[in-house]
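Here the structure comes first, spelled out in C-alpha cells, and everything after it is commentary.
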Amino acid sequence: MSGRDSHSEDPRGPRPLHPHVELAEPPDDPGLELGADIADPGLSGLLRRGVKAAIARWAVLRRPAAEWPRPQDEARHAWDGRPHFAEEFVFVGVQPELAVLARLEWLPDRDAHRVWLTLFTPTAIYCLPGGQALLRGDGERGWSVGGLGFDCVEPLRTWTLRYRGALHVHDPRGRPVRPAGDAPAESIEARIDLTFLAGLLPFVPGTDDDPDLLARQLGAAAWDTRLLRAVRRHPLRGYVQAGDLHGTITLGRDLRAFGGAALRVHNWGVRDWGASDAAMQCFATLGPLRTWVHTARFPWVSLSGGFVQRPGGVVPIRDLGVTQERRPGRAPARTGLAVEAPGGPLALEAETVAELPLDMDGRGHLDIALVRVHAGGERPPARAEGPRLVSGPARPHEEPHGWGLCFTQRRLLPRPTPRTG
C-alpha cells in the first residue's frame, strides 16, 4: 500500500471513509525489538522512533475485508462478562445560545444505567439532579430509562430522542439554584422531542483518523509489543456521526423550536474514567463549518484526532494544537484549537459561557462546557445575565461566531509507583 497522504493529494476532494482498522501486533522480528540497545543514545532514540513510526503506519493502514460500522452495530451489544464494560449512546446538538446533551450508558456488571439529560444556555443549565442519574435494576430496558428514550428509526441515518420529566435549574457555574439557603433546588418540568438526521457516514476514531498523524503519535510513544497486545485485549470500539437535530423543547410553559448541528456517539467496551491523565473533546460549529476533535494524554502516549466538515465534505485532521486557559476546579475559561486539515488550517477559540462539573465513579472528573466559538481569537463583548432559554436575533457586532460543547476530563487517583528491581 502506498504511503502517500490520500487525504490531501486526491484531486477529487475528500475521500470516503474507509473500513475499520485495528492496531495489529508488529511482526516477530528480533531486529525490530523496540527496546534494542544501540551504543549512541541519541541515535538509539532516533532509530527507535523511526522503527516505531514505521510499524505504527503499517498497523493503522491494514484493512480488513468487511466494512464497519454495520447497521446491526446500532443495536446494543452483548456483554462479554468483562468488568467495567459499558455501552453508551450520546446525542449532542447546538444552536445559538442553546445546547442539548443526552446520554444513556449501560453498565451491565452493575445492573444499572447512567443517564444524562442537560440543556445549556449562557444564563442557566437544566439537568438531572446532581447532573446525572445512576438507575439500578434497569438492565433490560435498553434505550428507554429514567424518562429518556432513544429510538433508531433507520440505522446509521435517523434517530429520535424524547424526554419527559423534571430538570433541576443550575446557574452558569453549574451550582443548583435554590429559592432559599436550605430549600431544595429549583426544578422545572421538561418535554423534549427531537430527531437526529445523519449528514455523513460514521467516523471511526483511530481508524478514520489521519494515518500519518497516528503514525507520528505512536512513533513517539513509549510502547512495546506488550502494550500493543494490551490494547488489542481491551478495545473500546465505536463511532461518531455528524448530522442535524431538530424538534421542540418545552420548559414549563415555554415551547421553543430547536434546529442545530449535531453529533451522535456510540461506544462499547471496557471504560475507565481514570485511564487517561487528561483528555478533551470538542464539537464546534462556525457557520457551515463543523469540527470534532479529541485528545488524550496517557503516561506512555498522547493521542489526538478528529475531523473537519466543510461544504465539500468531511476530512480527518492532520494535526491538532490545543491551548487552554485553566481555572482551578473549573472548566477552562478558553480553549484554543489550531487545526491542520485538507482545505486549509483552522484557528478557533472556544470561550466557556456555562459549565457543569461531574464526578465519574471517583476515578475521573469531567467538566462539560457550553462554548462560544470565534475565529481568529475575536470575541464579542460580554452579555448581561438573566435567566432565559434562548435569545432573540444576534446583533450585528456579535457576528461571526458559533457554538459548541467542550468536554474536559482529568484523572483523580494517583498512579501507582512503578516497581524497581
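Ordered as shown in the C-alpha cells, chains take letters A, B, and onward, while each chain numbers its residues from 1 and ligands are numbered from 1 in the order shown.
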
So that I can check the surroundings of region 79-85 of chain A, please list as a ChimeraX atom specification every protein, DNA and RNA residue that reaches within 8 Å of it, counting only C-alpha atoms and ignoring chain neighbours fewer than 2 positions away.
/A:77,87,107-109,268-272

Exercise: region 365-369 of chain A partners within 7 Å, only C-alpha atoms, chain neighbours under 3 positions left out, as a PyMOL selection string:
chain A and resi 331+352+354-360+405-412

Nearest residue to Ala220 (chain A) from the set A:Trp300, A:Ala78, A:Gly130, A:Ala99 (distances using only C-alpha atoms):
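Once distances to Ala220 (chain A) are computed over only C-alpha atoms, the minimum belongs to A:Trp300.
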
Show me, as number ranges by chain, the residues that have an atom within 8 Å of region 342-350 of chain A when counting only C-alpha atoms, minus same-chain residues fewer than 2 positions from it.
A: 7-8, 315-318, 334-340, 352, 371-377, 404

Output file for the selection above: N, CA, C and O atoms, as a PDB file, in the first residue's frame:
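So the final result, stored in result-v9.pdb, reads:
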ATOM      1  N   HIS A   7      -5.513  11.838   1.860  1.00  0.00           N
ATOM      2  CA  HIS A   7      -6.482  12.869   2.223  1.00  0.00           C
ATOM      3  C   HIS A   7      -6.195  14.178   1.492  1.00  0.00           C
ATOM      4  O   HIS A   7      -7.106  14.897   1.116  1.00  0.00           O
ATOM      5  N   SER A   8      -4.921  14.494   1.297  1.00  0.00           N
ATOM      6  CA  SER A   8      -4.582  15.814   0.778  1.00  0.00           C
ATOM      7  C   SER A   8      -4.272  15.813  -0.703  1.00  0.00           C
ATOM      8  O   SER A   8      -4.366  16.844  -1.344  1.00  0.00           O
ATOM      9  N   VAL A 315     -13.153  15.641   6.255  1.00  0.00           N
ATOM     10  CA  VAL A 315     -11.779  15.178   6.129  1.00  0.00           C
ATOM     11  C   VAL A 315     -11.185  15.028   7.522  1.00  0.00           C
ATOM     12  O   VAL A 315     -11.492  15.809   8.427  1.00  0.00           O
ATOM     13  N   PRO A 316     -10.334  14.008   7.737  1.00  0.00           N
ATOM     14  CA  PRO A 316      -9.666  13.876   9.033  1.00  0.00           C
ATOM     15  C   PRO A 316      -8.604  14.947   9.191  1.00  0.00           C
ATOM     16  O   PRO A 316      -7.983  15.386   8.213  1.00  0.00           O
ATOM     17  N   ILE A 317      -8.405  15.397  10.419  1.00  0.00           N
ATOM     18  CA  ILE A 317      -7.398  16.421  10.663  1.00  0.00           C
ATOM     19  C   ILE A 317      -6.013  15.801  10.540  1.00  0.00           C
ATOM     20  O   ILE A 317      -5.814  14.621  10.801  1.00  0.00           O
ATOM     21  N   ARG A 318      -5.038  16.625  10.124  1.00  0.00           N
ATOM     22  CA  ARG A 318      -3.651  16.175  10.003  1.00  0.00           C
ATOM     23  C   ARG A 318      -2.842  16.448  11.264  1.00  0.00           C
ATOM     24  O   ARG A 318      -1.858  15.783  11.531  1.00  0.00           O
ATOM     25  N   ARG A 334     -11.000  29.375  28.376  1.00  0.00           N
ATOM     26  CA  ARG A 334     -10.919  29.374  26.922  1.00  0.00           C
ATOM     27  C   ARG A 334     -10.104  28.183  26.463  1.00  0.00           C
ATOM     28  O   ARG A 334      -9.152  27.777  27.122  1.00  0.00           O
ATOM     29  N   THR A 335     -10.466  27.660  25.307  1.00  0.00           N
ATOM     30  CA  THR A 335      -9.721  26.588  24.667  1.00  0.00           C
ATOM     31  C   THR A 335      -9.410  27.013  23.235  1.00  0.00           C
ATOM     32  O   THR A 335     -10.328  27.335  22.466  1.00  0.00           O
ATOM     33  N   GLY A 336      -8.139  27.059  22.913  1.00  0.00           N
ATOM     34  CA  GLY A 336      -7.726  27.397  21.557  1.00  0.00           C
ATOM     35  C   GLY A 336      -7.436  26.139  20.761  1.00  0.00           C
ATOM     36  O   GLY A 336      -6.774  25.215  21.248  1.00  0.00           O
ATOM     37  N   LEU A 337      -7.928  26.084  19.543  1.00  0.00           N
ATOM     38  CA  LEU A 337      -7.729  24.936  18.660  1.00  0.00           C
ATOM     39  C   LEU A 337      -7.028  25.401  17.393  1.00  0.00           C
ATOM     40  O   LEU A 337      -7.536  26.284  16.686  1.00  0.00           O
ATOM     41  N   ALA A 338      -5.854  24.836  17.133  1.00  0.00           N
ATOM     42  CA  ALA A 338      -5.135  25.072  15.882  1.00  0.00           C
ATOM     43  C   ALA A 338      -5.177  23.773  15.094  1.00  0.00           C
ATOM     44  O   ALA A 338      -4.493  22.798  15.436  1.00  0.00           O
ATOM     45  N   VAL A 339      -6.005  23.737  14.063  1.00  0.00           N
ATOM     46  CA  VAL A 339      -6.285  22.508  13.325  1.00  0.00           C
ATOM     47  C   VAL A 339      -5.654  22.586  11.949  1.00  0.00           C
ATOM     48  O   VAL A 339      -5.857  23.570  11.214  1.00  0.00           O
ATOM     49  N   GLU A 340      -4.890  21.559  11.604  1.00  0.00           N
ATOM     50  CA  GLU A 340      -4.378  21.400  10.244  1.00  0.00           C
ATOM     51  C   GLU A 340      -5.223  20.330   9.564  1.00  0.00           C
ATOM     52  O   GLU A 340      -5.357  19.222  10.073  1.00  0.00           O
ATOM     53  N   THR A 352     -15.752  29.591  27.230  1.00  0.00           N
ATOM     54  CA  THR A 352     -16.750  28.971  28.099  1.00  0.00           C
ATOM     55  C   THR A 352     -17.753  30.009  28.582  1.00  0.00           C
ATOM     56  O   THR A 352     -17.372  31.048  29.135  1.00  0.00           O
ATOM     57  N   VAL A 371     -19.737  26.491  24.856  1.00  0.00           N
ATOM     58  CA  VAL A 371     -18.709  27.435  24.442  1.00  0.00           C
ATOM     59  C   VAL A 371     -19.201  28.275  23.274  1.00  0.00           C
ATOM     60  O   VAL A 371     -19.953  27.816  22.417  1.00  0.00           O
ATOM     61  N   ARG A 372     -18.799  29.529  23.302  1.00  0.00           N
ATOM     62  CA  ARG A 372     -18.995  30.424  22.167  1.00  0.00           C
ATOM     63  C   ARG A 372     -17.726  30.356  21.332  1.00  0.00           C
ATOM     64  O   ARG A 372     -16.622  30.547  21.847  1.00  0.00           O
ATOM     65  N   VAL A 373     -17.872  30.082  20.048  1.00  0.00           N
ATOM     66  CA  VAL A 373     -16.731  29.792  19.178  1.00  0.00           C
ATOM     67  C   VAL A 373     -16.435  30.992  18.298  1.00  0.00           C
ATOM     68  O   VAL A 373     -17.334  31.540  17.640  1.00  0.00           O
ATOM     69  N   HIS A 374     -15.162  31.420  18.291  1.00  0.00           N
ATOM     70  CA  HIS A 374     -14.720  32.550  17.484  1.00  0.00           C
ATOM     71  C   HIS A 374     -13.584  32.113  16.576  1.00  0.00           C
ATOM     72  O   HIS A 374     -12.776  31.265  16.934  1.00  0.00           O
ATOM     73  N   ALA A 375     -13.499  32.710  15.419  1.00  0.00           N
ATOM     74  CA  ALA A 375     -12.372  32.512  14.516  1.00  0.00           C
ATOM     75  C   ALA A 375     -11.347  33.614  14.743  1.00  0.00           C
ATOM     76  O   ALA A 375     -11.706  34.769  14.987  1.00  0.00           O
ATOM     77  N   GLY A 376     -10.088  33.250  14.712  1.00  0.00           N
ATOM     78  CA  GLY A 376      -9.031  34.253  14.813  1.00  0.00           C
ATOM     79  C   GLY A 376      -8.919  34.927  16.151  1.00  0.00           C
ATOM     80  O   GLY A 376      -8.321  35.995  16.252  1.00  0.00           O
ATOM     81  N   GLY A 377      -9.510  34.356  17.209  1.00  0.00           N
ATOM     82  CA  GLY A 377      -9.381  34.904  18.544  1.00  0.00           C
ATOM     83  C   GLY A 377     -10.245  36.115  18.831  1.00  0.00           C
ATOM     84  O   GLY A 377     -10.106  36.741  19.874  1.00  0.00           O
ATOM     85  N   GLY A 404     -20.679  25.514  20.573  1.00  0.00           N
ATOM     86  CA  GLY A 404     -20.240  24.138  20.681  1.00  0.00           C
ATOM     87  C   GLY A 404     -20.269  23.659  22.118  1.00  0.00           C
ATOM     88  O   GLY A 404     -20.657  24.390  23.041  1.00  0.00           O
TER      89      GLY A 404
END

Can you list, as a PyMOL selection string, all residues belonging to region 95-131 of chain A that DSSP tags as strand (DSSP E or B)?
chain A and resi 95+98-107+112-120+125-127

Between A:Asp193, A:Phe203, A:Ile125, A:Ser302, which has the minimum distance to His168 (chain A) (counting only C-alpha atoms)?
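Looking only at the distances to His168 (chain A), the closest residue turns out to be A:Ile125.
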
Proximity to Thr323 (chain A) - best of A:Phe307, A:Glu351, A:Gly362, A:Pro211, only C-alpha atoms
A:Glu351

Closest of A:Leu320, A:Leu119, A:Ile188, A:Val353 to Ala333 (chain A) - atom-to-atom distances counting only C-alpha atoms
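Smallest separation from Ala333 (chain A) among the options: A:Val353.
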